[in-house]
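What follows is entry04.tsv (TSV, C-alpha atoms).
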chain	number	residue	atom	x	y	z
D	1290	MET	CA	241.82	238.03	171.19
D	1291	THR	CA	244.13	240.76	170.02
D	1292	ALA	CA	246.67	242.70	172.02
D	1293	ASP	CA	244.62	245.82	171.38
D	1294	SER	CA	241.85	244.45	173.59
D	1295	THR	CA	244.22	244.10	176.53
D	1296	GLU	CA	245.42	247.64	175.98
D	1297	THR	CA	241.82	248.85	175.97
D	1298	LEU	CA	241.05	247.05	179.23
D	1299	HIS	CA	243.99	248.76	180.92
D	1300	GLU	CA	243.15	252.14	179.39
D	1301	VAL	CA	239.56	252.21	180.64
D	1302	VAL	CA	240.31	251.09	184.17
D	1303	GLU	CA	243.31	253.38	184.59
D	1304	ALA	CA	241.42	256.40	183.23
D	1305	LEU	CA	238.43	256.03	185.54
D	1306	ALA	CA	239.89	254.65	188.78
D	1307	PRO	CA	241.28	258.05	189.93
D	1308	LEU	CA	237.76	259.56	189.85
D	1309	GLU	CA	235.81	259.46	193.11
D	1310	ARG	CA	232.62	257.92	191.78
D	1311	ARG	CA	230.21	258.02	194.71
D	1312	ALA	CA	226.63	257.43	193.56
D	1313	GLY	CA	225.12	260.70	192.37
D	1314	SER	CA	228.40	262.64	192.61
D	1315	PRO	CA	230.13	264.86	190.03
D	1316	GLY	CA	232.77	262.14	189.70
D	1317	GLU	CA	230.14	259.60	188.76
D	1318	GLU	CA	228.76	261.95	186.11
D	1319	GLN	CA	232.27	262.60	184.77
D	1320	ALA	CA	232.85	258.85	184.52
D	1321	ALA	CA	229.55	258.34	182.69
D	1322	ARG	CA	230.35	261.00	180.11
D	1323	TRP	CA	233.87	259.62	179.62
D	1324	ILE	CA	232.46	256.14	179.02
D	1325	ALA	CA	229.91	257.45	176.52
D	1326	ALA	CA	232.61	259.31	174.61
D	1327	ARG	CA	234.88	256.26	174.63
D	1328	LEU	CA	232.09	254.01	173.38
D	1329	SER	CA	231.44	256.50	170.59
D	1330	ASP	CA	235.12	256.32	169.65
D	1331	ALA	CA	234.71	252.53	169.53
D	1332	GLY	CA	231.89	252.78	167.01
D	1333	CYS	CA	228.83	252.78	169.30
D	1334	ALA	CA	226.03	255.30	169.29
D	1335	ALA	CA	226.24	256.19	172.99
D	1336	THR	CA	224.12	258.45	175.14
D	1337	VAL	CA	224.08	259.50	178.80
D	1338	GLU	CA	220.65	259.31	180.41
D	1339	GLU	CA	219.89	261.19	183.62
D	1340	GLU	CA	217.81	259.16	186.06
D	1341	GLN	CA	216.56	259.56	189.60
D	1342	PHE	CA	217.49	257.33	192.51
D	1343	ARG	CA	217.10	257.34	196.27
D	1344	ASP	CA	220.25	257.09	198.31
D	1345	GLY	CA	220.45	254.41	200.92
D	1346	TYR	CA	222.46	251.43	202.10
D	1347	ALA	CA	224.89	252.33	204.87
D	1348	ARG	CA	223.33	255.44	206.37
D	1349	LEU	CA	219.82	254.02	206.11
D	1350	ILE	CA	220.72	250.66	207.66
D	1351	ALA	CA	222.64	252.42	210.44
D	1352	GLY	CA	219.53	254.47	211.22
D	1353	LEU	CA	217.31	251.40	211.23
D	1354	ALA	CA	219.75	249.55	213.49
D	1355	ALA	CA	219.75	252.50	215.89
D	1356	ALA	CA	215.95	252.36	215.92
D	1357	GLY	CA	216.21	248.66	216.75
D	1358	ALA	CA	218.52	249.51	219.67
D	1359	LEU	CA	216.03	252.06	220.99
D	1360	ALA	CA	213.32	249.44	220.78
D	1361	GLY	CA	215.61	247.14	222.77
D	1362	VAL	CA	216.00	249.72	225.53
D	1363	ALA	CA	212.24	250.24	225.64
D	1364	GLY	CA	211.68	246.50	225.82
D	1365	PHE	CA	213.11	246.34	229.36
D	1366	ALA	CA	210.05	248.24	230.61
D	1367	ARG	CA	207.22	245.77	231.14
D	1368	ARG	CA	204.55	248.15	229.88
D	1369	LEU	CA	206.50	248.91	226.70
D	1370	ARG	CA	207.29	245.33	225.70
D	1371	LYS	CA	204.55	244.96	223.11
D	1372	PRO	CA	205.20	248.27	221.30
D	1373	ALA	CA	208.95	247.62	221.52
D	1374	ALA	CA	208.50	244.19	219.96
D	1375	ALA	CA	206.35	245.67	217.20
D	1376	ALA	CA	208.87	248.45	216.54
D	1377	ALA	CA	211.82	246.03	216.36
D	1378	ALA	CA	209.89	243.72	214.04
D	1379	ALA	CA	209.15	246.70	211.81
D	1380	VAL	CA	212.87	247.56	211.77
D	1381	ALA	CA	213.77	244.02	210.68
D	1382	ALA	CA	211.09	244.09	208.00
D	1383	GLY	CA	212.31	247.49	206.80
D	1384	MET	CA	215.86	246.21	206.46
D	1385	ALA	CA	214.75	243.10	204.59
D	1386	ASP	CA	212.59	245.19	202.28
D	1387	ASP	CA	215.43	247.57	201.45
D	1388	ILE	CA	218.29	245.15	200.88
D	1389	SER	CA	216.17	242.77	198.79
D	1390	ASN	CA	214.85	245.46	196.41
D	1391	GLY	CA	211.31	245.45	197.72
D	1392	PRO	CA	209.01	248.51	197.82
D	1393	ARG	CA	211.68	250.22	199.96
D	1394	ILE	CA	209.23	251.96	202.24
D	1395	ALA	CA	211.86	253.23	204.70
D	1396	ARG	CA	214.06	254.60	201.93
D	1397	ARG	CA	211.16	256.41	200.29
D	1398	ALA	CA	210.07	257.87	203.61
D	1399	THR	CA	213.50	259.19	204.61
D	1400	THR	CA	215.31	260.24	201.42
D	1401	ARG	CA	214.79	262.57	198.49
D	1402	PRO	CA	215.45	261.68	194.84
D	1403	LYS	CA	218.93	262.40	193.50
D	1404	THR	CA	220.36	262.32	189.99
D	1405	THR	CA	222.48	259.54	188.59
D	1406	TRP	CA	223.76	258.92	185.07
D	1407	ASN	CA	223.34	255.78	182.98
D	1408	VAL	CA	225.31	255.15	179.79
D	1409	VAL	CA	223.60	253.33	176.92
D	1410	GLY	CA	225.70	252.31	173.91
D	1411	ARG	CA	224.14	250.73	170.81
D	1412	CYS	CA	226.14	248.48	168.54
D	1413	GLY	CA	225.76	245.25	166.61
D	1414	ASP	CA	222.96	244.85	164.08
D	1415	GLN	CA	220.53	247.68	164.74
D	1416	ASN	CA	217.95	246.13	162.40
D	1417	ALA	CA	217.88	242.83	164.28
D	1418	ASP	CA	214.81	241.80	166.25
D	1419	ARG	CA	216.90	240.23	169.05
D	1420	THR	CA	218.80	242.15	171.71
D	1421	LEU	CA	221.60	241.31	174.10
D	1422	VAL	CA	222.00	243.79	176.96
D	1423	VAL	CA	225.49	243.72	178.47
D	1424	LEU	CA	225.08	245.31	181.89
D	1425	ALA	CA	227.67	246.91	184.19
D	1426	HIS	CA	227.93	249.86	186.57
D	1427	HIS	CA	230.48	252.65	186.92
D	1428	ASP	CA	229.90	254.06	190.40
D	1429	ALA	CA	232.10	252.93	193.30
D	1430	ALA	CA	231.40	251.93	196.89
D	1431	PRO	CA	232.55	253.27	200.25
D	1432	THR	CA	234.96	251.14	202.21
D	1433	GLY	CA	234.70	250.22	205.89
D	1434	ARG	CA	236.34	248.06	208.53
D	1435	ILE	CA	233.79	245.31	208.03
D	1436	PHE	CA	235.23	244.55	204.58
D	1437	ASP	CA	238.51	243.25	206.00
D	1438	GLU	CA	239.17	239.91	204.27
D	1439	ARG	CA	241.22	238.26	207.00
D	1440	ALA	CA	238.37	236.18	208.44
D	1441	GLN	CA	237.60	234.57	205.08
D	1442	VAL	CA	241.31	234.02	204.40
D	1443	TRP	CA	241.65	232.33	207.80
D	1444	LEU	CA	238.68	230.07	207.02
D	1445	GLY	CA	240.05	229.21	203.60
D	1446	GLU	CA	243.51	228.39	204.90
D	1447	ARG	CA	242.31	226.14	207.71
D	1448	PHE	CA	239.30	224.51	206.06
D	1449	PRO	CA	239.96	224.54	202.31
D	1450	GLY	CA	237.87	221.44	201.65
D	1451	ILE	CA	234.80	222.88	203.36
D	1452	LEU	CA	235.15	226.19	201.54
D	1453	GLU	CA	235.52	224.44	198.19
D	1454	ARG	CA	232.23	222.58	198.71
D	1455	ILE	CA	230.28	225.76	199.49
D	1456	ASP	CA	228.85	227.25	196.30
D	1457	THR	CA	226.66	229.89	197.93
D	1458	SER	CA	228.39	232.86	199.54
D	1459	VAL	CA	228.05	233.51	203.27
D	1460	PRO	CA	224.72	235.24	204.10
D	1461	LEU	CA	226.30	238.37	205.53
D	1462	TRP	CA	223.00	240.21	205.73
D	1463	TRP	CA	221.36	237.64	207.99
D	1464	PRO	CA	223.10	238.85	211.18
D	1465	ALA	CA	222.00	242.39	210.32
D	1466	LEU	CA	218.40	241.22	210.14
D	1467	GLY	CA	218.83	238.98	213.18
D	1468	SER	CA	219.72	241.87	215.49
D	1469	PRO	CA	216.32	243.65	215.50
D	1470	ALA	CA	214.59	240.27	215.17
D	1471	ALA	CA	216.21	239.18	218.45
D	1472	VAL	CA	215.02	242.40	220.08
D	1473	ALA	CA	211.49	241.77	218.82
D	1474	LEU	CA	211.45	238.20	220.09
D	1475	GLY	CA	213.05	239.07	223.40
D	1476	ALA	CA	210.60	241.88	224.06
D	1477	ALA	CA	207.58	239.85	222.98
D	1478	ARG	CA	208.47	236.92	225.26
D	1479	GLY	CA	209.97	238.92	228.09
D	1480	ARG	CA	213.34	237.18	227.72
D	1481	ARG	CA	215.89	239.64	229.04
D	1482	GLY	CA	218.92	237.64	227.89
D	1483	LEU	CA	217.70	237.60	224.29
D	1484	LEU	CA	216.75	241.26	224.58
D	1485	CYS	CA	220.25	242.14	225.81
D	1486	ALA	CA	221.84	240.17	222.96
D	1487	GLY	CA	219.65	241.86	220.37
D	1488	LEU	CA	220.31	245.30	221.83
D	1489	ALA	CA	224.08	244.75	221.81
D	1490	ALA	CA	223.96	243.44	218.24
D	1491	CYS	CA	221.93	246.47	217.10
D	1492	LEU	CA	224.49	248.82	218.65
D	1493	ILE	CA	227.34	246.99	216.90
D	1494	GLU	CA	225.41	247.06	213.63
D	1495	THR	CA	224.82	250.80	214.00
D	1496	ALA	CA	228.54	251.37	214.47
D	1497	VAL	CA	229.46	249.13	211.51
D	1498	PHE	CA	227.18	250.86	209.04
D	1499	ALA	CA	227.96	254.34	210.40
D	1500	ASP	CA	231.62	253.51	209.73
D	1501	ILE	CA	230.80	252.56	206.14
D	1502	ALA	CA	228.73	255.74	205.66
D	1503	ARG	CA	231.63	258.00	206.64
D	1504	SER	CA	234.39	256.00	204.94
D	1505	PRO	CA	236.08	257.08	201.68
D	1506	ILE	CA	235.09	255.80	198.25
D	1507	VAL	CA	237.28	253.01	196.88
D	1508	PRO	CA	238.93	253.25	193.43
D	1509	GLY	CA	236.64	250.44	192.27
D	1510	ALA	CA	238.93	248.91	189.66
D	1511	ASN	CA	237.53	245.41	190.13
D	1512	ASP	CA	234.10	246.57	191.33
D	1513	ASN	CA	233.22	247.54	188.69
D	1514	LEU	CA	235.55	249.20	186.18
D	1515	SER	CA	236.66	245.73	185.15
D	1516	ALA	CA	233.19	245.27	183.66
D	1517	VAL	CA	233.12	248.71	182.04
D	1518	SER	CA	236.42	247.97	180.34
D	1519	VAL	CA	234.91	244.77	178.91
D	1520	GLN	CA	232.05	246.81	177.45
D	1521	VAL	CA	234.41	249.20	175.66
D	1522	ALA	CA	236.61	246.38	174.36
D	1523	LEU	CA	233.50	244.49	173.20
D	1524	ALA	CA	232.36	247.55	171.26
D	1525	GLU	CA	235.73	247.63	169.52
D	1526	ARG	CA	235.54	243.91	168.71
D	1527	LEU	CA	232.06	244.27	167.20
D	1528	LEU	CA	233.27	247.20	165.11
D	1529	ALA	CA	236.30	245.27	163.87
D	1530	GLU	CA	234.33	242.09	163.14
D	1531	PRO	CA	230.68	243.10	162.67
D	1532	ILE	CA	227.90	240.88	163.92
D	1533	GLU	CA	224.56	240.29	162.22
D	1534	GLY	CA	221.32	239.06	163.69
D	1535	ILE	CA	221.51	240.69	167.10
D	1536	ARG	CA	221.50	244.18	168.49
D	1537	VAL	CA	223.84	244.76	171.44
D	1538	LEU	CA	223.14	247.34	174.15
D	1539	LEU	CA	226.09	248.22	176.36
D	1540	VAL	CA	224.51	249.63	179.51
D	1541	SER	CA	226.58	251.01	182.38
D	1542	CYS	CA	224.33	252.10	185.23
D	1543	GLY	CA	224.99	254.60	187.95
D	1544	ALA	CA	224.19	254.29	191.64
D	1545	GLU	CA	224.44	250.49	191.80
D	1546	GLU	CA	226.37	250.67	195.06
D	1547	VAL	CA	223.38	252.02	196.97
D	1548	LEU	CA	221.91	248.53	196.39
D	1549	GLN	CA	220.50	249.35	192.97
D	1550	GLY	CA	219.71	252.86	191.80
D	1551	GLY	CA	220.19	253.68	188.12
D	1552	ILE	CA	218.94	250.30	186.90
D	1553	TYR	CA	215.42	251.30	187.94
D	1554	GLY	CA	215.60	254.30	185.63
D	1555	PHE	CA	216.85	252.14	182.78
D	1556	ALA	CA	214.00	249.70	183.40
D	1557	ALA	CA	211.37	252.45	183.39
D	1558	ARG	CA	212.79	254.00	180.23
D	1559	HIS	CA	213.60	250.91	178.15
D	1560	PHE	CA	211.88	247.72	179.32
D	1561	SER	CA	208.65	248.46	177.47
D	1562	ALA	CA	210.59	248.41	174.17
D	1563	LEU	CA	212.51	245.20	174.95
D	1564	ASP	CA	210.62	242.02	174.07
D	1565	ARG	CA	211.05	239.46	176.85
D	1566	GLU	CA	211.09	236.66	174.28
D	1567	ARG	CA	213.89	238.26	172.25
D	1568	THR	CA	216.03	240.03	174.85
D	1569	TRP	CA	218.78	238.63	177.08
D	1570	PHE	CA	220.70	240.31	179.91
D	1571	LEU	CA	224.36	239.45	180.53
D	1572	SER	CA	225.46	241.28	183.67
D	1573	LEU	CA	229.17	241.83	184.37
D	1574	GLU	CA	229.95	242.33	188.03
D	1575	THR	CA	233.50	242.42	189.42
D	1576	VAL	CA	235.28	240.31	186.81
D	1577	GLY	CA	238.89	241.06	187.80
D	1578	SER	CA	239.56	238.38	190.43
D	1579	PRO	CA	241.62	235.29	189.51
D	1580	GLU	CA	238.75	232.94	188.51
D	1581	LEU	CA	235.78	233.79	186.28
D	1582	VAL	CA	232.44	232.41	187.49
D	1583	MET	CA	228.83	232.54	186.36
D	1584	LEU	CA	226.25	233.16	189.06
D	1585	GLU	CA	223.05	231.12	188.95
D	1586	GLY	CA	221.20	233.48	191.26
D	1587	GLU	CA	221.42	235.97	194.08
D	1588	GLY	CA	219.57	237.06	197.19
D	1589	PRO	CA	220.58	238.88	200.39
D	1590	VAL	CA	217.56	237.46	202.22
D	1591	VAL	CA	215.92	234.81	200.01
D	1592	MET	CA	217.90	233.20	197.19
D	1593	GLU	CA	216.45	233.83	193.73
D	1594	ASP	CA	217.77	231.95	190.73
D	1595	TYR	CA	217.87	234.13	187.64
D	1596	HIS	CA	215.08	233.78	185.11
D	1597	ASP	CA	215.51	231.12	182.40
D	1598	ARG	CA	218.28	228.62	183.06
D	1599	SER	CA	218.55	227.88	179.33
D	1600	PHE	CA	220.27	231.22	178.79
D	1601	ARG	CA	222.89	230.39	181.41
D	1602	ASP	CA	223.39	227.07	179.64
D	1603	LEU	CA	223.95	228.99	176.41
D	1604	VAL	CA	226.54	231.24	178.07
D	1605	ALA	CA	228.35	228.18	179.40
D	1606	ARG	CA	228.39	226.60	175.93
D	1607	ALA	CA	229.65	229.83	174.42
D	1608	ALA	CA	232.48	229.99	176.97
D	1609	ASP	CA	233.41	226.38	176.30
D	1610	ARG	CA	233.50	226.80	172.53
D	1611	ALA	CA	235.53	229.98	172.90
D	1612	ASP	CA	237.99	228.14	175.17
D	1613	ALA	CA	237.38	230.57	178.04
D	1614	PRO	CA	237.42	229.05	181.57
D	1615	LEU	CA	234.13	229.64	183.37
D	1616	ARG	CA	233.00	228.09	186.63
D	1617	ARG	CA	229.29	227.44	187.16
D	1618	GLY	CA	227.05	226.68	190.10
D	1619	MET	CA	227.77	229.74	192.25
D	1620	ARG	CA	225.14	231.85	193.98
D	1621	ALA	CA	225.66	235.20	195.71
D	1622	ARG	CA	224.18	236.59	198.91
D	1623	ASN	CA	224.72	240.14	197.63
D	1624	SER	CA	222.40	242.06	195.34
D	1625	THR	CA	223.29	243.28	191.86
D	1626	ASP	CA	221.53	245.16	189.08
D	1627	ALA	CA	220.83	241.78	187.40
D	1628	VAL	CA	217.98	241.05	189.80
D	1629	ILE	CA	215.82	243.78	188.23
D	1630	PRO	CA	215.66	242.38	184.66
D	1631	SER	CA	215.45	238.85	186.05
D	1632	ARG	CA	212.37	239.71	188.11
D	1633	ALA	CA	210.90	241.38	185.03
D	1634	GLY	CA	211.08	238.06	183.17
D	1635	TYR	CA	214.18	238.54	181.03
D	1636	PRO	CA	216.65	235.65	180.65
D	1637	THR	CA	219.56	236.73	182.84
D	1638	ALA	CA	223.08	235.61	183.65
D	1639	THR	CA	225.83	237.27	185.68
D	1640	LEU	CA	229.57	236.92	185.21
D	1641	ALA	CA	231.63	237.57	188.34
D	1642	SER	CA	234.94	236.32	189.70
D	1643	PHE	CA	236.60	235.26	192.93
D	1644	ASP	CA	239.94	234.29	194.42
D	1645	ARG	CA	241.07	231.03	196.04
D	1646	TYR	CA	239.03	231.88	199.13
D	1647	LYS	CA	235.88	232.44	197.06
D	1648	ALA	CA	236.06	236.14	197.83
D	1649	LEU	CA	235.83	239.08	195.44
D	1650	SER	CA	239.38	240.41	195.32
D	1651	ASN	CA	239.84	243.70	197.21
D	1652	TYR	CA	236.07	243.97	197.65
D	1653	HIS	CA	235.16	247.46	198.90
D	1654	GLN	CA	238.73	248.12	199.95
D	1655	MET	CA	241.12	250.94	199.10
D	1656	THR	CA	243.37	248.31	197.51
D	1657	ASP	CA	240.84	247.88	194.67
D	1658	THR	CA	243.22	249.59	192.27
D	1659	PRO	CA	244.16	248.94	188.61
D	1660	GLU	CA	247.47	247.26	189.46
D	1661	ASN	CA	245.63	244.66	191.57
D	1662	LEU	CA	243.34	243.50	188.78
D	1663	ASP	CA	243.78	240.10	187.19
D	1664	TYR	CA	243.52	241.23	183.57
D	1665	THR	CA	243.61	237.65	182.34
D	1666	THR	CA	240.23	237.07	183.98
D	1667	VAL	CA	238.91	240.36	182.60
D	1668	LEU	CA	239.99	239.19	179.15
D	1669	HIS	CA	238.17	235.89	179.71
D	1670	ALA	CA	235.01	237.86	180.55
D	1671	LEU	CA	235.38	239.74	177.28
D	1672	VAL	CA	235.77	236.48	175.37
D	1673	VAL	CA	232.62	235.05	177.00
D	1674	ALA	CA	230.60	238.22	176.37
D	1675	GLU	CA	231.54	238.29	172.68
D	1676	ALA	CA	231.00	234.55	172.29
D	1677	THR	CA	227.55	234.87	173.89
D	1678	ALA	CA	226.57	237.63	171.48
D	1679	ARG	CA	227.71	235.58	168.49
D	1680	GLU	CA	225.96	232.46	169.80
D	1681	LEU	CA	222.70	234.37	170.12
D	1682	ALA	CA	223.21	235.79	166.63
D	1683	GLY	CA	223.86	232.36	165.18
D	1684	SER	CA	227.27	233.43	163.87
D	1685	ARG	CA	230.35	231.27	163.55
D	1686	TRP	CA	232.72	231.23	166.49
D	1687	LEU	CA	235.50	233.72	166.84
D	1688	THR	CA	237.84	232.87	169.72
D	1689	ARG	CA	241.22	234.47	170.34

Represent the structure from my file as structure tokens, please.
Amino acid sequence: MTADSTETLHEVVEALAPLERRAGSPGEEQAARWIAARLSDAGCAATVEEEQFRDGYARLIAGLAAAGALAGVAGFARRLRKPAAAAAAAVAAGMADDISNGPRIARRATTRPKTTWNVVGRCGDQNADRTLVVLAHHDAAPTGRIFDERAQVWLGERFPGILERIDTSVPLWWPALGSPAAVALGAARGRRGLLCAGLAACLIETAVFADIARSPIVPGANDNLSAVSVQVALAERLLAEPIEGIRVLLVSCGAEEVLQGGIYGFAARHFSALDRERTWFLSLETVGSPELVMLEGEGPVVMEDYHDRSFRDLVARAADRADAPLRRGMRARNSTDAVIPSRAGYPTATLASFDRYKALSNYHQMTDTPENLDYTTVLHALVVAEATARELAGSRWLTR
């Protein structure tokens, strides 16, 4: 890999990190148009596509948790136990539906559509009948006190062997779902202790998500400008050393940090033209921590392995042949844009990264700045992405 690629990675991250890129904001649009222009400079035919999304995540979950707390209060009245239990159960179901990309009934009932901006760059062999979609996102998340890393650092320092053996991230959403579920169970069975615990947990949950909703937007260098920089550098590599036999779409979605927004617009606009038998999705998500990993699946509530393991095997082979370190076997309890093409039946793999504590470095923190990126890992992600494209195209290997 040439020095120019490293310069490009730095350039992209440093240009976009100062923009406040909240989902659906002017900063997000500015970032999208900058990325499209930069991809065009790198030899891609790039367009910005306006799509609609419904805001959610922190404010919505805070409201649902508050509703769960109200149900808890009502549950202390004997005559209101049954409706309180039903209301709390509905709150838990609404949370699970929203965070796992279900029909999102609560979100649709409480929010109006907003505009986001997806970037679609086209490079590679435009006459090929096979397509690799390299997926990223350019919006950034709000921070919040809950994202403090000290608890995971403490666990990693005191129990390194246990942490090393765990290949699925901690199910952080389960306590959120458990709060209204405890209210529902306590009210239904008339168990005041359980009802009190559920009520207290709902109040804490309301405060946690209200804090996130009013917190500032992080610079988002790792999450997820690291991935955007890989896209731009990949476009330059495919211009310098053209590839035949595969078309490459470089897709940077907006509004990912609301737990998937712009990817739905991309799916509605493009999936019908992408043959499931000849299209692969390689998602890049936070690739600037010290160790590059490939996720096998994801699921905030229920774990879902990505569609078609054979594609993940191909990515692993490509990384090995390109001499790029890549750890396998990891699964995430967060949600990413990759779940949408996977559920649609496209072979899907996700590249991510973590630190020695198996945490995403500076995740949703104000310290997620360009100077805190591990650019060596970002470069490894670029190597793997290019190697995967050339493997799918049947080309000879080009390493560093």

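Between Leu1528 of chain D and the residues D:Gly1487, D:Pro1659, D:Gly1332, D:Pro1589, the shortest atom-to-atom distance, using only C-alpha atoms, involves D:Gly1332.
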
All residues 12 Å or closer to Glu1680 of chain D, all atoms listed in the file, same chain fewer than 4 positions away omitted, as a PDB file with C-alpha atoms, keeping the file's coordinate frame:
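Output saved as result_3.pdb:
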ATOM      1  CA  ARG D1419     216.900 240.230 169.050  1.00  0.00           C
ATOM      2  CA  LEU D1421     221.600 241.310 174.100  1.00  0.00           C
ATOM      3  CA  ILE D1532     227.900 240.880 163.920  1.00  0.00           C
ATOM      4  CA  GLU D1533     224.560 240.290 162.220  1.00  0.00           C
ATOM      5  CA  GLY D1534     221.320 239.060 163.690  1.00  0.00           C
ATOM      6  CA  ILE D1535     221.510 240.690 167.100  1.00  0.00           C
ATOM      7  CA  TRP D1569     218.780 238.630 177.080  1.00  0.00           C
ATOM      8  CA  PHE D1600     220.270 231.220 178.790  1.00  0.00           C
ATOM      9  CA  ASP D1602     223.390 227.070 179.640  1.00  0.00           C
ATOM     10  CA  LEU D1603     223.950 228.990 176.410  1.00  0.00           C
ATOM     11  CA  VAL D1604     226.540 231.240 178.070  1.00  0.00           C
ATOM     12  CA  ALA D1605     228.350 228.180 179.400  1.00  0.00           C
ATOM     13  CA  ARG D1606     228.390 226.600 175.930  1.00  0.00           C
ATOM     14  CA  ALA D1607     229.650 229.830 174.420  1.00  0.00           C
ATOM     15  CA  ALA D1608     232.480 229.990 176.970  1.00  0.00           C
ATOM     16  CA  ASP D1609     233.410 226.380 176.300  1.00  0.00           C
ATOM     17  CA  ARG D1610     233.500 226.800 172.530  1.00  0.00           C
ATOM     18  CA  ALA D1611     235.530 229.980 172.900  1.00  0.00           C
ATOM     19  CA  VAL D1672     235.770 236.480 175.370  1.00  0.00           C
ATOM     20  CA  VAL D1673     232.620 235.050 177.000  1.00  0.00           C
ATOM     21  CA  ALA D1674     230.600 238.220 176.370  1.00  0.00           C
ATOM     22  CA  GLU D1675     231.540 238.290 172.680  1.00  0.00           C
ATOM     23  CA  ALA D1676     231.000 234.550 172.290  1.00  0.00           C
ATOM     24  CA  SER D1684     227.270 233.430 163.870  1.00  0.00           C
ATOM     25  CA  ARG D1685     230.350 231.270 163.550  1.00  0.00           C
ATOM     26  CA  TRP D1686     232.720 231.230 166.490  1.00  0.00           C
ATOM     27  CA  LEU D1687     235.500 233.720 166.840  1.00  0.00           C
ATOM     28  CA  THR D1688     237.840 232.870 169.720  1.00  0.00           C
TER      29      THR D1688
END

Distance table requested - segment 1653-1683 of chain D against segment 1434-1444 of chain D, cut-off 12 Å, only C-alpha atoms: one row per qualifying residue with the closest atom pair and its distance in Å to one decimal, ordered by chain and rising residue number, as a tab-separated table.
residue	atom	partner	partner_atom	distance
D:His1653	CA	D:Phe1436	CA	6.4
D:Gln1654	CA	D:Phe1436	CA	6.8
D:Met1655	CA	D:Phe1436	CA	10.3
D:Thr1656	CA	D:Asp1437	CA	11.0
D:Asp1657	CA	D:Phe1436	CA	11.9

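Reported to one decimal place, the separation of atom CA of Leu1466 of chain D from atom CA of Gly1361 of chain D is 14.2 Å.
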
Set the distance at 8 Å and use all atoms listed in the file: which residues neighbour segment 1623-1629 of chain D once local chain neighbours fewer than 6 positions away are removed? I'd like the list as a compact mmCIF listing (two decimals) with C-alpha atoms, in the frame of the given file.
# COMPACT_ATOMS: atom_id res chain seq x y z
CA ILE D 1388 218.29 245.15 200.88
CA SER D 1389 216.17 242.77 198.79
CA LEU D 1424 225.08 245.31 181.89
CA GLU D 1545 224.44 250.49 191.80
CA LEU D 1548 221.91 248.53 196.39
CA GLN D 1549 220.50 249.35 192.97
CA ILE D 1552 218.94 250.30 186.90
CA TYR D 1553 215.42 251.30 187.94
CA ALA D 1556 214.00 249.70 183.40
CA PHE D 1570 220.70 240.31 179.91
CA SER D 1572 225.46 241.28 183.67
CA GLU D 1574 229.95 242.33 188.03
CA GLU D 1587 221.42 235.97 194.08
CA GLY D 1588 219.57 237.06 197.19
CA PRO D 1589 220.58 238.88 200.39
CA TYR D 1595 217.87 234.13 187.64
CA THR D 1637 219.56 236.73 182.84
CA ALA D 1638 223.08 235.61 183.65
CA THR D 1639 225.83 237.27 185.68

*Go through D:Gly1433, D:Gly1577, D:Gly1509, D:Gly1391 and flag the residue nearest Ala1304 of chain D, using only C-alpha atoms for the distances.*
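That would be D:Gly1509, the residue with the smallest distance to Ala1304 of chain D.
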
*Write out as a PyMOL selection string the residues lying within 9 Å of Val1582 of chain D, counting all atoms listed in the file and excluding same-chain residues fewer than 3 positions away.*
chain D and resi 1576+1614-1619+1639-1643

*What is the distance, in Å and to one decimal place, between atom CA of Thr1405 of chain D and atom CA of Arg1393 of chain D?*
18.2 Å

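Checking D:Asp1500, D:Asp1418, D:Asp1612, D:Glu1494 one by one against Arg1565 of chain D, counting all atoms listed in the file, you find the shortest gap at D:Asp1418.
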
*Compare D:Thr1457, D:Thr1297, D:Ser1541, D:Ser1518 by their minimum atom-to-atom distance to Thr1336 of chain D, counting all atoms listed in the file, and give me the closest one.*
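Closest candidate: D:Ser1541.
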
Because the input lacks atoms here, generate N, CA and C atoms for segment 1606-1613 of chain D and report them as a PDB file, keeping the file's coordinate frame.
ATOM      1  N   ARG D1606     227.958 227.192 177.198  1.00  0.00           N
ATOM      2  CA  ARG D1606     228.390 226.600 175.930  1.00  0.00           C
ATOM      3  C   ARG D1606     229.264 227.561 175.146  1.00  0.00           C
ATOM      4  N   ALA D1607     228.867 228.822 175.140  1.00  0.00           N
ATOM      5  CA  ALA D1607     229.650 229.830 174.420  1.00  0.00           C
ATOM      6  C   ALA D1607     231.056 229.929 174.997  1.00  0.00           C
ATOM      7  N   ALA D1608     231.169 229.926 176.331  1.00  0.00           N
ATOM      8  CA  ALA D1608     232.480 229.990 176.970  1.00  0.00           C
ATOM      9  C   ALA D1608     233.315 228.770 176.611  1.00  0.00           C
ATOM     10  N   ASP D1609     232.690 227.603 176.605  1.00  0.00           N
ATOM     11  CA  ASP D1609     233.410 226.380 176.300  1.00  0.00           C
ATOM     12  C   ASP D1609     233.926 226.389 174.867  1.00  0.00           C
ATOM     13  N   ARG D1610     233.092 226.774 173.940  1.00  0.00           N
ATOM     14  CA  ARG D1610     233.500 226.800 172.530  1.00  0.00           C
ATOM     15  C   ARG D1610     234.563 227.863 172.276  1.00  0.00           C
ATOM     16  N   ALA D1611     234.529 228.925 173.059  1.00  0.00           N
ATOM     17  CA  ALA D1611     235.530 229.980 172.900  1.00  0.00           C
ATOM     18  C   ALA D1611     236.789 229.710 173.714  1.00  0.00           C
ATOM     19  N   ASP D1612     236.820 228.551 174.393  1.00  0.00           N
ATOM     20  CA  ASP D1612     237.990 228.140 175.170  1.00  0.00           C
ATOM     21  C   ASP D1612     238.291 229.132 176.293  1.00  0.00           C
ATOM     22  N   ALA D1613     237.231 229.642 176.916  1.00  0.00           N
ATOM     23  CA  ALA D1613     237.380 230.570 178.040  1.00  0.00           C
ATOM     24  C   ALA D1613     236.949 229.855 179.320  1.00  0.00           C
TER      25      ALA D1613
END
